[in-house]
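Shown next, in structure tokens, is the structure this report addresses.
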Amino acid sequence: MGEHRVHDTSDEQRTRAFVRAMLDDIRALEVLIERDLIECDVCRVGVEQEMYIVDAQGYPAAISDRVLNELNDDRFTTELARFNLEANLAPRPIGGDFLLAMEHDLGEVLKCADRAARAVDAHIVLTGILPTLHSEHVTLANLTPEVRYKCLNDTCMATRGETFTLVIDGIDRFESSHDCAVIEGANTSFQLHLQVTPEDAGPLYNLAQLVTAPLLAVAANSPVLLNRRVWHETRVALFERVFEYRSMPQLARSVPTRVGFGETWVRQSILEIFRENAMRHHVIMVRDPIDDPFRELSDGHIPELSALSLHNTTVWRWNRPCYGITNGKPHLRIENRALPAGPTIIDQVGNAALFYGLMQYFRADAKGIPQRLAFEDAKVNFFAAAQHGLDARFTWLDGYRLGARQLLREELIPAARNGLESLQVSNEDIDRYLGIIEARVDNGRTGARWLLDALANVHERAREAVCRDAVKMTRERQGGDLPVHQWDLVVPNTGADDMKPTQKVGDIMTTNLFTVRPEDLLDLATSMMEWKHVRHVPVENVKGDLVGLLSTRELLRLRSDNAITQNQPIPVSAIMQRNPPTMSPDAPLSEAFQRMLESDSGCLLVVAHGRLLGIVTERDLLEAAVGLISNGTRQN
């Protein structure tokens, strides 16, 4: 849970005091380790559950303050976006029935959150990225109004000016512009914690890095972002790109990113990472008052190391070392941050079983990992898993090349089973949770693959309906015993309209547009219209601003005026319509019908924040009207 009692860095004196305190905390942590004060006689696990709040139609509901007010529960807290929540479960000793207890605790948390959400006419959904998320949801208005999130947003935008562009090459090319960091709130995760001893912390951190790639491949659940099919686990690309704000000189020097997999194996001690975070990444928020850790130690108390802990939460490694205090005793733990939320609780606990089983089984061999695999290969494995899920290929220990499914089936799942057995987990629990992983590997269906298969061969206009039904199905099944590999595929046009009776312009617009610039030759535009069988071509300037519309109406008028000859080149700007009719993607279809009747252009351009998102034609509205009539007939 991130620290919320913070300040920005505008006060230089306060910031310098905080940096000094952070350095003192690192030295104090060294002392705690040297004096054997770090807890070593117990190993605990813990989880953090992030979640979406959605409305009755399955779209993000920016009402986290109202849901938290209904909850009145210290386990829950805010996240960066107002349509997200986070829950923190109490840690438990690893072993025995800890997985079954984890499933029970997560079920209780989900019920509490959903009960509170329902009280304000909303619901909770567990998913890595909500498939129904739209660009209008990721605006500054939906930034949670707390200093911590303002600091994060201001830092993100400081080196980028007023806007930044995100580009991710995936199944579809994703490209969008943003004026704030709220798009990062699209990501919700299921984070796993494992307490470690100082002696084992470095080797086990390396082990966590190694196993995260196959773990992510089998757990992927975030394939769609703003109606684009991107990576199997798009959260990885999105998070790293949103908080990519290194300066050009830093990029030239290959300074590590603030969000990332890391640059090298831990060689001696986990302290290397805490020191690296302090050296490489400037402070972006501070807190006070700050206790003197050495005075605390001399008084016989355990220091909180609050400055170090706060800074540590602003460096988002996919595996992150953490310091904490439980029952008055200090401890170290590894936090795995790579896994997505959902699609069900039992799927999540299956992922946890694989992680903890592997960490237990391979812990004796963890010290040899740096000699058996180059760090660059482990890093490439991680991004391959994020991009391709179970279709990824890995370079594994001792240079073996094999596919994710083969590695999991032949080596890692049996290893995890042995690891859990050594933790005294019952065979019944092992079969329950690792059986889910085995079945996922056998049929190749992760949460990401389930949604991608549903969207395969679906026209772009129908994606919205499929995504709405996917959210509805996830919401209905997330607390049950049916894991995602057993789900039927969503079939287009089978219930989505019942979920969203009032459609919006964004639901029917076409986004795969061909545009021209005002200086382009008219012949190019007319050829484009002929080749693509379209009657309307939007006109954008070099900055991407919408400046006009070219349609067959303008071409016919030009021809009738006898103003065109084969020898006379004419730019698009000479005849384009300069103030074409526009609509917001959030506008109801009823407004679109009325606007189309009032306009003679034959189309409506869909615009948000000054940027062209799509187009709605007369045919689109006619098809929507037929659909509404058909739905009404069925209901009658």
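Order determines the names: the first chain of the structure tokens is A, the second B, and so forth; residues in each chain are numbered 1 upward, and ligands are numbered 1 upward as they are shown.
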
Set out as JSON lines a contact list for range 223-295 of chain A and range 322-331 of chain A with a cut-off of 12 Å, giving each residue of range 223-295 of chain A that qualifies its closest atom pair and distance in Å to one decimal, counting only C-alpha atoms, ordered by chain and rising residue number.
```
{"residue": "A:Ile270", "atom": "CA", "partner": "A:Cys322", "partner_atom": "CA", "distance": 9.8}
{"residue": "A:Leu271", "atom": "CA", "partner": "A:Cys322", "partner_atom": "CA", "distance": 10.5}
{"residue": "A:Ile273", "atom": "CA", "partner": "A:Cys322", "partner_atom": "CA", "distance": 10.2}
{"residue": "A:Phe274", "atom": "CA", "partner": "A:Cys322", "partner_atom": "CA", "distance": 9.0}
```

Take the selection from the previous step and output its residues with N, CA and C atoms, as a tab-separated table (two decimals), in the first residue's frame.
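Okay, this is what ended up in selection-v6.tsv:
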```tsv
chain	number	residue	atom	x	y	z
A	270	ILE	N	20.85	-7.90	-1.50
A	270	ILE	CA	19.65	-7.18	-1.94
A	270	ILE	C	19.81	-5.68	-1.74
A	271	LEU	N	20.76	-5.27	-0.90
A	271	LEU	CA	21.02	-3.84	-0.70
A	271	LEU	C	21.42	-3.16	-2.00
A	273	ILE	N	19.97	-3.19	-4.78
A	273	ILE	CA	18.82	-2.60	-5.46
A	273	ILE	C	18.38	-1.33	-4.74
A	274	PHE	N	18.34	-1.35	-3.40
A	274	PHE	CA	17.98	-0.13	-2.67
A	274	PHE	C	18.95	1.00	-2.97
```

Discussion item. Excluding range 476-481 of chain A and its own-chain neighbours fewer than 6 positions away, which residues fall within 6 Å of it when counting only C-alpha atoms? Please give them as a list in words.
Written reply: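 Listed by chain and then number, they are Pro343, Thr344 and Ile345 of chain A.
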
Dump as a PDB file, in the first residue's frame, selection limited to C-alpha atoms:
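Dumped everything to out19.pdb:
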```pdb
ATOM      1  CA  PRO A 343     -10.172 -13.177 -14.420  1.00  0.00           C
ATOM      2  CA  THR A 344     -11.271 -15.219 -11.367  1.00  0.00           C
ATOM      3  CA  ILE A 345     -10.070 -15.619  -7.820  1.00  0.00           C
TER       4      ILE A 345
END
```

Fill in: Residue neighbourhood Ala574 in chain A, 12 Å, only C-alpha atoms, exclusion window fewer than 5 positions, as a PyMOL selection string
chain A and resi 517-522+539+548-550+554-555+558+563-564+569

Worksheet item: How far is it from CA of Gly444 in chain A to CA of Trp396 in chain A, in Å with one decimal?
Response: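 Calculated distance between CA of Gly444 in chain A and CA of Trp396 in chain A is 20.4 Å.
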
Discussion item. Using only C-alpha atoms, can you tell me which of A:Ala61, A:Pro223, A:Val534, A:Val516 comes closest to Asp453 in chain A?
Written reply: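 Closest to Asp453 in chain A, using only C-alpha atoms: A:Pro223.
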
List the neighbours of Lys379 in chain A out to 9 Å using only C-alpha atoms; skip same-chain residues closer than 5 positions along the sequence, and give me the result as a short mmCIF file (atom, residue, chain, number, x, y, z; two decimals) with C-alpha atoms, in the first residue's frame.
```
data_model
loop_
_atom_site.label_atom_id
_atom_site.label_comp_id
_atom_site.auth_asym_id
_atom_site.auth_seq_id
_atom_site.Cartn_x
_atom_site.Cartn_y
_atom_site.Cartn_z
CA GLN A 209 13.23 -12.57 -11.94
CA LEU A 210 13.88 -15.88 -13.70
CA ALA A 213 8.50 -14.85 -17.57
CA PHE A 261 12.71 -5.45 -15.27
CA GLY A 262 16.14 -4.28 -14.15
CA GLU A 263 19.59 -4.25 -15.70
CA ALA A 374 22.68 -14.14 -19.07
CA ALA A 384 8.36 -12.24 -24.92
#
```
